[in-house]
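**Q** For reference, this is protein-v6.txt, and it has compact mmCIF, C-alpha atoms.
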```
# COMPACT_ATOMS: atom_id res chain seq x y z
CA MET A 247 235.55 -36.09 66.90
CA ARG A 248 233.18 -34.67 64.31
CA LEU A 249 233.70 -34.57 60.57
CA THR A 250 232.16 -32.08 58.18
CA ILE A 251 231.70 -33.14 54.57
CA THR A 252 232.00 -30.42 51.96
CA ARG A 253 229.73 -30.35 48.95
CA VAL A 254 230.82 -32.33 45.90
CA GLY A 255 230.38 -31.12 42.34
CA LEU A 256 227.20 -31.67 40.38
CA SER A 257 228.68 -32.87 37.10
CA ALA A 258 228.17 -36.57 37.88
CA VAL A 259 224.71 -36.30 39.44
CA ALA A 260 222.72 -37.80 36.59
CA ALA A 261 225.24 -40.60 36.16
CA ALA A 262 225.18 -41.19 39.89
CA VAL A 263 221.45 -41.87 39.89
CA THR A 264 221.95 -44.60 37.32
CA LEU A 265 224.97 -46.04 39.08
CA LEU A 266 223.11 -46.07 42.39
CA ALA A 267 220.77 -48.63 40.90
CA VAL A 268 223.70 -51.00 40.40
CA ALA A 269 224.93 -50.72 43.98
CA CYS A 270 221.52 -50.70 45.60
CA ALA A 271 220.70 -53.93 43.84
CA ALA A 272 223.26 -55.46 46.19
CA GLU A 273 221.88 -53.63 49.24
CA GLU A 274 219.28 -55.33 51.39
CA ASP A 275 216.29 -53.22 52.42
CA PRO A 276 215.59 -53.61 56.13
CA ALA A 277 212.33 -55.32 55.18
CA THR A 278 212.68 -57.50 52.11
CA ASP A 279 211.35 -60.75 53.57
CA PRO A 280 207.61 -61.35 53.02
CA GLY A 281 207.38 -62.57 56.60
CA GLU A 282 208.34 -59.15 57.90
CA ALA A 283 204.95 -57.53 57.25
CA ALA A 284 204.19 -55.12 60.06
CA ASP A 285 201.21 -55.18 62.41
CA ASP A 286 198.94 -52.13 62.29
CA THR A 287 200.38 -50.50 65.37
CA VAL A 288 199.83 -46.92 64.18
CA ALA A 289 196.60 -45.63 65.68
CA GLU A 290 194.08 -44.89 62.94
CA ASP A 291 192.32 -42.19 64.96
CA THR A 292 195.53 -40.17 65.29
CA ASP A 293 196.30 -37.48 62.72
CA PRO A 294 199.67 -35.91 63.58
CA ALA A 295 199.29 -33.61 60.60
CA GLU A 296 196.30 -31.87 62.19
CA ASP A 297 198.48 -30.78 65.11
CA ALA A 298 201.23 -29.32 62.93
CA ASP A 299 201.47 -25.65 62.01
CA GLU A 300 200.64 -25.10 58.36
CA GLU A 301 203.79 -23.29 57.29
CA GLY A 302 205.52 -22.94 53.92
CA ALA A 303 204.32 -22.42 50.39
CA GLN A 304 201.55 -25.01 50.79
CA ASP A 305 199.70 -23.13 53.55
CA ASP A 306 196.86 -21.78 51.42
CA VAL A 307 196.41 -24.90 49.29
CA ALA A 308 193.88 -27.58 50.21
CA ALA A 309 195.45 -30.95 51.02
CA ASP A 310 192.96 -33.01 49.01
CA GLY A 311 195.02 -35.53 47.05
CA PRO A 312 195.13 -38.10 45.71
CA ILE A 313 198.91 -38.45 45.80
CA THR A 314 201.28 -40.90 44.17
CA VAL A 315 204.26 -42.20 46.13
CA TYR A 316 207.31 -43.81 44.55
CA SER A 317 208.50 -46.01 47.40
CA GLY A 318 211.85 -47.74 47.59
CA ARG A 319 210.81 -49.13 50.95
CA ASN A 320 209.24 -52.59 50.97
CA GLU A 321 205.44 -52.82 50.88
CA ASP A 322 205.36 -55.37 53.71
CA PHE A 323 207.20 -52.89 55.92
CA VAL A 324 205.49 -49.57 55.12
CA GLY A 325 202.30 -50.40 53.22
CA PHE A 326 200.06 -50.29 56.27
CA ILE A 327 201.43 -46.83 57.15
CA PHE A 328 200.05 -45.47 53.90
CA ASP A 329 196.71 -47.15 54.70
CA ASP A 330 196.65 -45.55 58.14
CA PHE A 331 197.50 -42.17 56.63
CA GLU A 332 194.53 -42.48 54.29
CA ALA A 333 192.25 -43.35 57.22
CA ALA A 334 193.57 -40.47 59.34
CA THR A 335 193.48 -37.74 56.68
CA GLY A 336 191.14 -38.86 53.93
CA ILE A 337 193.93 -38.32 51.40
CA GLU A 338 194.09 -41.19 48.93
CA VAL A 339 197.54 -42.67 48.33
CA GLU A 340 198.64 -44.63 45.29
CA VAL A 341 202.00 -46.35 45.75
CA ARG A 342 204.49 -47.59 43.20
CA TYR A 343 207.01 -49.87 44.90
CA GLY A 344 210.45 -50.63 43.50
CA ASP A 345 214.18 -50.32 43.95
CA THR A 346 215.21 -47.03 45.55
CA ALA A 347 217.72 -46.01 42.89
CA GLU A 348 215.70 -47.29 39.95
CA LEU A 349 212.72 -45.21 41.07
CA ALA A 350 214.97 -42.16 41.37
CA ALA A 351 216.25 -42.79 37.85
CA THR A 352 212.65 -43.08 36.65
CA ILE A 353 211.84 -39.67 38.15
CA VAL A 354 214.86 -38.20 36.37
CA GLU A 355 213.65 -39.66 33.06
CA GLU A 356 210.08 -38.48 33.61
CA GLY A 357 211.14 -34.97 34.63
CA ALA A 358 208.31 -32.47 34.99
CA ASN A 359 205.86 -35.06 33.64
CA SER A 360 206.43 -37.49 36.51
CA PRO A 361 203.19 -38.67 38.14
CA ALA A 362 205.04 -38.95 41.45
CA ASP A 363 204.20 -36.52 44.24
CA VAL A 364 206.40 -38.10 46.92
CA TYR A 365 209.67 -39.99 46.71
CA PHE A 366 210.37 -42.35 49.65
CA GLY A 367 213.82 -43.93 49.45
CA GLN A 368 216.04 -46.00 51.68
CA ASP A 369 219.21 -44.15 50.73
CA ALA A 370 220.33 -40.53 51.09
CA GLY A 371 222.42 -40.67 47.93
CA ALA A 372 219.38 -41.01 45.67
CA LEU A 373 217.61 -38.18 47.50
CA GLY A 374 220.71 -36.04 47.08
CA ALA A 375 220.83 -36.75 43.37
CA LEU A 376 217.20 -35.68 42.94
CA GLN A 377 217.84 -32.55 44.98
CA ASP A 378 220.85 -31.60 42.88
CA LEU A 379 218.73 -31.86 39.75
CA ASP A 380 216.16 -29.48 41.34
CA LEU A 381 213.48 -32.16 41.27
CA LEU A 382 212.51 -31.79 44.96
CA THR A 383 210.73 -28.81 46.49
CA GLU A 384 211.62 -27.13 49.78
CA LEU A 385 209.75 -28.53 52.77
CA PRO A 386 207.93 -26.30 55.30
CA GLU A 387 209.87 -25.06 58.31
CA ASP A 388 207.79 -26.99 60.83
CA ILE A 389 208.92 -30.25 59.21
CA LEU A 390 212.55 -29.21 58.94
CA ASP A 391 212.59 -28.08 62.57
CA THR A 392 211.39 -31.55 63.64
CA VAL A 393 214.57 -33.29 62.46
CA GLU A 394 218.16 -32.36 63.27
CA PRO A 395 220.14 -31.01 60.30
CA THR A 396 222.41 -34.07 60.35
CA PHE A 397 219.47 -36.23 59.27
CA ARG A 398 217.94 -34.01 56.60
CA SER A 399 218.86 -31.91 53.60
CA ARG A 400 220.77 -28.77 54.53
CA GLU A 401 218.82 -27.09 51.72
CA GLY A 402 215.49 -28.27 53.10
CA ARG A 403 214.58 -30.44 50.11
CA TRP A 404 214.19 -33.79 51.89
CA THR A 405 214.14 -35.23 55.37
CA GLY A 406 215.21 -38.49 56.91
CA THR A 407 212.50 -40.69 58.40
CA THR A 408 214.69 -43.28 60.12
CA GLY A 409 218.40 -43.94 60.51
CA ARG A 410 220.67 -46.94 60.21
CA VAL A 411 224.10 -46.93 61.78
CA ARG A 412 227.34 -48.54 60.60
CA VAL A 413 228.76 -50.81 63.28
CA LEU A 414 231.29 -53.54 63.91
CA SER A 415 229.45 -56.78 64.65
CA TYR A 416 231.78 -59.08 66.58
CA ASN A 417 231.82 -62.64 67.87
CA THR A 418 231.51 -62.43 71.66
CA ASP A 419 233.20 -65.81 72.16
CA LEU A 420 236.29 -64.73 70.25
CA VAL A 421 236.64 -61.00 70.88
CA ASP A 422 236.51 -58.90 74.03
CA GLU A 423 234.78 -55.61 73.25
CA ALA A 424 237.58 -53.79 75.09
CA GLU A 425 239.93 -54.95 72.30
CA LEU A 426 237.88 -53.31 69.56
CA PRO A 427 239.08 -50.08 67.96
CA ASP A 428 237.48 -46.67 68.42
CA SER A 429 237.82 -45.96 64.71
CA ILE A 430 237.20 -48.09 61.66
CA LEU A 431 240.47 -46.73 60.24
CA GLU A 432 242.35 -48.81 62.84
CA LEU A 433 241.22 -52.09 61.25
CA THR A 434 244.25 -51.97 58.96
CA GLU A 435 246.56 -52.55 61.94
CA PRO A 436 248.41 -55.91 62.12
CA GLN A 437 246.36 -57.34 65.02
CA TRP A 438 243.26 -57.45 62.80
CA GLU A 439 244.86 -59.38 59.94
CA GLY A 440 242.43 -61.94 58.53
CA ARG A 441 239.85 -61.27 61.24
CA VAL A 442 237.51 -58.79 59.53
CA GLY A 443 234.69 -59.34 57.05
CA TRP A 444 233.43 -56.71 54.61
CA ALA A 445 231.21 -56.44 51.50
CA PRO A 446 232.79 -54.06 48.95
CA THR A 447 230.00 -54.60 46.39
CA ASN A 448 227.28 -53.72 48.90
CA GLY A 449 225.47 -50.39 48.58
CA SER A 450 225.68 -49.41 52.25
CA PHE A 451 229.41 -50.12 52.30
CA GLN A 452 229.88 -47.99 49.20
CA ALA A 453 227.91 -45.15 50.83
CA PHE A 454 230.34 -45.33 53.75
CA VAL A 455 233.34 -45.21 51.40
CA THR A 456 231.80 -42.19 49.66
CA ALA A 457 231.53 -40.43 53.02
CA LEU A 458 235.10 -41.40 53.85
CA ARG A 459 236.38 -40.02 50.54
CA VAL A 460 234.82 -36.64 50.99
CA ALA A 461 235.39 -36.36 54.75
CA GLU A 462 239.01 -37.46 54.86
CA GLY A 463 240.08 -37.15 51.24
CA GLU A 464 240.80 -39.54 48.38
CA ASP A 465 244.26 -40.46 49.68
CA VAL A 466 242.99 -41.54 53.11
CA ALA A 467 240.17 -43.55 51.56
CA ARG A 468 242.54 -45.19 49.07
CA ASP A 469 245.08 -46.03 51.78
CA TRP A 470 242.40 -47.51 54.03
CA LEU A 471 240.97 -49.71 51.29
CA ALA A 472 244.43 -50.85 50.23
CA GLY A 473 245.34 -51.49 53.86
CA MET A 474 242.23 -53.61 54.39
CA LEU A 475 243.07 -55.70 51.33
CA ALA A 476 246.67 -56.10 52.47
CA ASN A 477 245.41 -57.10 55.91
CA GLY A 478 243.40 -59.97 54.46
CA ALA A 479 239.86 -58.60 54.85
CA VAL A 480 237.43 -61.42 53.98
CA GLU A 481 234.91 -60.54 51.27
CA PHE A 482 231.21 -61.40 51.53
CA GLN A 483 228.32 -60.70 49.19
CA ASN A 484 226.18 -58.75 51.64
CA ASN A 485 225.57 -57.79 55.26
CA THR A 486 223.51 -60.86 56.11
CA ALA A 487 226.35 -63.14 55.01
CA ILE A 488 228.80 -61.13 57.12
CA VAL A 489 226.75 -61.50 60.31
CA GLU A 490 226.22 -65.21 59.64
CA ALA A 491 229.99 -65.62 59.32
CA VAL A 492 230.59 -63.68 62.53
CA GLY A 493 228.21 -66.00 64.39
CA ARG A 494 230.00 -69.07 63.02
CA GLY A 495 233.40 -67.65 63.93
CA GLU A 496 234.46 -67.65 60.30
CA VAL A 497 235.46 -64.04 60.87
CA GLU A 498 235.65 -62.34 64.24
CA ILE A 499 234.44 -58.88 63.19
CA GLY A 500 232.13 -57.70 60.42
CA ILE A 501 231.61 -54.19 59.01
CA THR A 502 227.86 -53.90 58.60
CA ASN A 503 224.65 -52.04 59.54
CA HIS A 504 223.22 -52.25 63.04
CA TYR A 505 219.90 -53.94 62.23
CA TYR A 506 221.16 -57.23 60.79
CA LEU A 507 222.31 -58.72 64.08
CA PRO A 508 218.93 -58.35 65.88
CA ARG A 509 217.33 -60.51 63.18
CA PHE A 510 219.60 -63.40 64.07
CA GLN A 511 219.15 -62.83 67.78
CA ALA A 512 215.36 -62.84 67.38
CA GLU A 513 215.64 -66.38 66.02
CA ASP A 514 218.43 -67.46 68.36
CA PRO A 515 218.83 -65.50 71.63
CA ASP A 516 222.18 -67.27 72.14
CA PHE A 517 223.60 -66.08 68.82
CA PRO A 518 227.19 -65.27 69.88
CA ALA A 519 227.57 -61.72 68.60
CA ALA A 520 227.11 -58.09 69.58
CA ASN A 521 227.27 -54.70 67.89
CA HIS A 522 230.12 -52.32 68.64
CA PHE A 523 229.21 -48.70 67.93
CA LEU A 524 231.82 -46.11 66.95
CA PRO A 525 230.67 -42.76 68.41
CA GLY A 526 231.97 -39.74 66.52
CA ASP A 527 233.85 -41.84 63.97
CA ILE A 528 233.23 -41.93 60.23
CA GLY A 529 232.85 -45.71 60.68
CA GLY A 530 229.71 -44.94 62.69
CA LEU A 531 228.06 -43.16 59.78
CA VAL A 532 224.31 -42.75 60.14
CA ASN A 533 222.59 -43.10 56.77
CA ILE A 534 218.87 -42.61 56.44
CA ALA A 535 215.70 -43.68 54.77
CA GLY A 536 214.08 -40.45 53.72
CA VAL A 537 211.36 -38.66 51.86
CA GLY A 538 210.97 -35.67 49.56
CA VAL A 539 208.14 -33.93 47.70
CA LEU A 540 208.47 -33.54 43.94
CA ALA A 541 208.76 -29.98 42.64
CA SER A 542 206.52 -31.01 39.74
CA SER A 543 203.73 -32.25 42.02
CA GLU A 544 200.33 -30.64 41.68
CA GLN A 545 199.38 -32.02 45.10
CA GLN A 546 202.19 -30.60 47.21
CA ALA A 547 200.00 -29.75 50.20
CA ALA A 548 198.73 -33.33 50.45
CA ALA A 549 202.22 -34.67 49.84
CA VAL A 550 203.56 -32.55 52.71
CA GLU A 551 200.91 -34.01 55.01
CA LEU A 552 202.31 -37.47 54.30
CA VAL A 553 205.80 -36.27 55.21
CA ARG A 554 204.44 -34.93 58.51
CA TYR A 555 202.74 -38.25 59.16
CA LEU A 556 205.96 -40.22 58.63
CA LEU A 557 207.55 -38.01 61.30
CA SER A 558 204.64 -38.37 63.72
CA GLU A 559 205.25 -39.97 67.11
CA ASP A 560 203.18 -43.08 66.35
CA VAL A 561 205.07 -43.86 63.16
CA GLN A 562 208.46 -43.05 64.65
CA VAL A 563 207.73 -45.32 67.64
CA PHE A 564 206.82 -48.13 65.25
CA PHE A 565 210.08 -47.81 63.34
CA GLY A 566 212.02 -47.86 66.62
CA GLN A 567 210.25 -50.89 68.06
CA ASN A 568 209.56 -53.22 65.14
CA ALA A 569 211.26 -56.40 66.32
CA ASP A 570 212.48 -57.52 62.90
CA THR A 571 213.87 -54.24 61.63
CA VAL A 572 214.61 -51.86 64.49
CA GLU A 573 215.69 -48.52 63.07
CA PHE A 574 216.68 -45.24 64.70
CA PRO A 575 213.84 -42.71 64.95
CA VAL A 576 215.02 -39.31 63.73
CA VAL A 577 212.63 -37.19 65.80
CA PRO A 578 214.22 -36.07 69.09
CA GLY A 579 212.51 -37.56 72.13
CA VAL A 580 211.41 -40.71 70.32
CA ASP A 581 213.90 -43.46 71.13
CA SER A 582 214.16 -47.18 70.56
CA PRO A 583 214.37 -49.22 73.77
CA GLU A 584 216.74 -51.66 72.05
CA LEU A 585 219.19 -49.08 70.70
CA PRO A 586 221.36 -46.28 72.03
CA THR A 587 220.07 -42.81 71.23
CA LEU A 588 221.45 -40.96 68.25
CA ALA A 589 222.91 -38.47 70.72
CA GLU A 590 224.88 -41.32 72.30
CA ILE A 591 225.98 -42.48 68.85
CA ASP A 592 227.30 -38.93 68.25
CA PRO A 593 227.31 -39.47 64.48
CA PRO A 594 229.84 -37.65 62.32
CA ASP A 595 228.48 -34.40 60.92
CA VAL A 596 228.01 -35.63 57.36
CA ASP A 597 225.89 -33.84 54.79
CA LEU A 598 224.15 -36.95 53.53
CA THR A 599 223.11 -35.20 50.33
CA ASN A 600 226.69 -35.56 49.18
CA LEU A 601 226.59 -39.35 49.18
CA GLU A 602 225.41 -39.33 45.57
CA ASP A 603 228.97 -39.46 44.18
CA LEU A 604 228.94 -43.21 43.70
CA GLN A 605 230.82 -43.02 40.39
CA GLY A 606 234.00 -41.86 42.09
CA THR A 607 233.64 -44.51 44.80
CA LEU A 608 233.20 -47.32 42.31
CA GLN A 609 236.24 -46.11 40.40
CA LEU A 610 238.30 -46.05 43.58
CA LEU A 611 237.18 -49.53 44.59
CA GLN A 612 238.16 -50.79 41.15
CA ASP A 613 241.51 -48.99 41.23
CA VAL A 614 242.57 -50.65 44.49
CA GLY A 615 241.22 -54.06 43.47
CA ALA A 616 238.40 -54.26 46.02
CA VAL A 617 235.85 -54.86 43.23
CA SER A 618 236.34 -56.01 39.67
```
Can the structure in the file be given as structure tokens, please?
**A**
Amino acid sequence: MRLTITRVGLSAVAAAVTLLAVACAAEEDPATDPGEAADDTVAEDTDPAEDADEEGAQDDVAADGPITVYSGRNEDFVGFIFDDFEAATGIEVEVRYGDTAELAATIVEEGANSPADVYFGQDAGALGALQDLDLLTELPEDILDTVEPTFRSREGRWTGTTGRVRVLSYNTDLVDEAELPDSILELTEPQWEGRVGWAPTNGSFQAFVTALRVAEGEDVARDWLAGMLANGAVEFQNNTAIVEAVGRGEVEIGITNHYYLPRFQAEDPDFPAANHFLPGDIGGLVNIAGVGVLASSEQQAAAVELVRYLLSEDVQVFFGQNADTVEFPVVPGVDSPELPTLAEIDPPDVDLTNLEDLQGTLQLLQDVGAVS
């Protein structure tokens, strides 16, 4: 089953950027722990950008730099990639790190005067909001052709760099995987009463609910949320707390992102849990970390080279093999040995740009009593 999300209206875009900051404050970046600094595994003598065709509006412009990146991704996780890019291309990079949504809101406030050349966020909703305000420029075709449309802007204004998949983490001592549903919508059935953990205030959960609203309609989303509450879903503050509870047997199943469980298993190989993927189901939503080039940038050619570098094989392999934060590479042919391929996940055909409508999701969560 594949779902196609239609485009939402633009009237709440500016408000959505601000509201995203509230939700993303409750969302854990895949690399927020200082101990998760990455080794320099990207080869410094490799310049993927030199092998790419110079297509698009930037073709005749020298890629000199310097460029400024607003990065919502943690410095310990991606900082060395910027260093390697500098070494490979000679383009100087200045990075401002911060919260994904707050940086997007800053760009909105700065407008055409923003010093940012590149926006690197961990959430498609913020990228979609910037696109809808015409603050991102169209990327060259060679970049867009590298990534499947599911994982990039349908208008060509941003591209995903890695993916994270919604899963059901379950306690392997208490649940047989054969018992688990094929759709997240089935968790409202009586046999799952009191057995499921969720985090309604969490940003990634709210992104899923946004996708559910637009894919299946407000009534289906409202009924599912109300059904989960009636079925005694156990509330947790965030994804880490959910997986901890699954391991303890406090709940048998948790609605979360795929990369939290491997962290626990890296510390304890006997941690009694596994991830259950939901191929083709809206519950198996693939959200992305992604990147866009600012329309106001005076260094667009250099900025585009950084985008190409983030999609290079070396960088994509790193993202797919980093033991602490294994993510899904978005470039076909680059797979993670610890994860199924995105083709096997068969993610729902969601236009991730449309996940910016957080205002409606928050209102719905409040209306049903899932958040106060």
**Q** Could you check which of A:Gly443, A:Gly530, A:Gly318, A:Gly371 is closest to Asp345 (chain A), using all atoms listed in the file?
**A**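 Counting all atoms listed in the file, the residue closest to Asp345 (chain A) is A:Gly318.
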**Q** Take CA of Leu431 (chain A) and CA of Ile528 (chain A) and report the distance between them in Å, one decimal.
**A**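 For CA of Leu431 (chain A) relative to CA of Ile528 (chain A), the distance reads 8.7 Å.
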**Q** Within 6 Å of region 352-366 of chain A, counting all atoms listed in the file, which residues qualify if same-chain residues fewer than 5 places away don't, as a list of chain:residue names?
**A**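 Residues meeting the cut-off are A:Ile313, A:Thr314, A:Val315, A:Tyr316, A:Ser317, A:Gly318, A:Gly536, A:Val537, A:Gly538, A:Val539, A:Leu540, A:Ser542, A:Ser543.
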**Q** Pick out the closest residue to Ala375 (chain A) from this set: A:Leu598, A:Ala549, A:Ala491, A:Ala334. Count all atoms listed in the file.
**A**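 Distance minimum relative to Ala375 (chain A) lands on A:Leu598.
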**Q** Could you tell me how far CA of Gln511 (chain A) lies from CA of Asn568 (chain A), in Å and to one decimal?
**A**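 Distance between the two atoms: 13.8 Å.
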**Q** Of the residues A:Gly493, A:Arg410, A:Gln612, A:Glu332, which is the one nearest to Pro515 (chain A), using all atoms listed in the file?
**A**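 Selected residue with least distance to Pro515 (chain A): A:Gly493.
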**Q** Pick out the closest residue to Ala309 (chain A) from this set: A:Glu462, A:Glu338, A:Asp514, A:Glu321. Count all atoms listed in the file.
**A**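 For Ala309 (chain A), the nearest of the candidates is A:Glu338.
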**Q** Please measure the separation of CA of Tyr505 (chain A) and CA of Val411 (chain A), giving the value in Å to one decimal.
**A**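 So the two atoms, CA of Tyr505 (chain A) and CA of Val411 (chain A), lie 8.2 Å apart.
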**Q** A:Thr405, A:Asp428, A:Glu481, A:Leu611: which is nearest Thr392 (chain A), counting only C-alpha atoms?
**A**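 Selected residue with least distance to Thr392 (chain A): A:Thr405.
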**Q** Identify, on the basis of only C-alpha atoms, every residue whose closest approach to region 396-400 of chain A does not exceed 12 Å; exclude the query and any residue fewer than 3 positions from it along the same chain; express the result as a ChimeraX atom specification.
**A** /A:248-253,369-371,373-378,382-385,389-393,403-411,531-538,574-578,588-589,592-601
**Q** Point out the residue among A:Asn320, A:Asn521, A:Ser558, A:Thr335 with the least atom-to-atom distance to Gly367 (chain A), counting all atoms listed in the file.
**A**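 The shortest atom-to-atom distance to Gly367 (chain A) comes from A:Asn320.
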**Q** Can you pull out every residue within 9 Å of Leu458 (chain A), counting all atoms listed in the file, but drop anything in the same chain fewer than 4 positions away, and send it as a list in words?
**A**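 Contacts, in chain order: Ile251, Ala453, Phe454, Glu462, Gly463, Glu464, Val466, Ala467, Ile528 and Gly529 of chain A.
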**Q** (224.2, -51.4, 59.4) in this file's frame - what residues fall within 8 Å of it? Use only C-alpha atoms and give the answer as a PyMOL selection string.
**A** chain A and resi 410-413+450+485+501-506
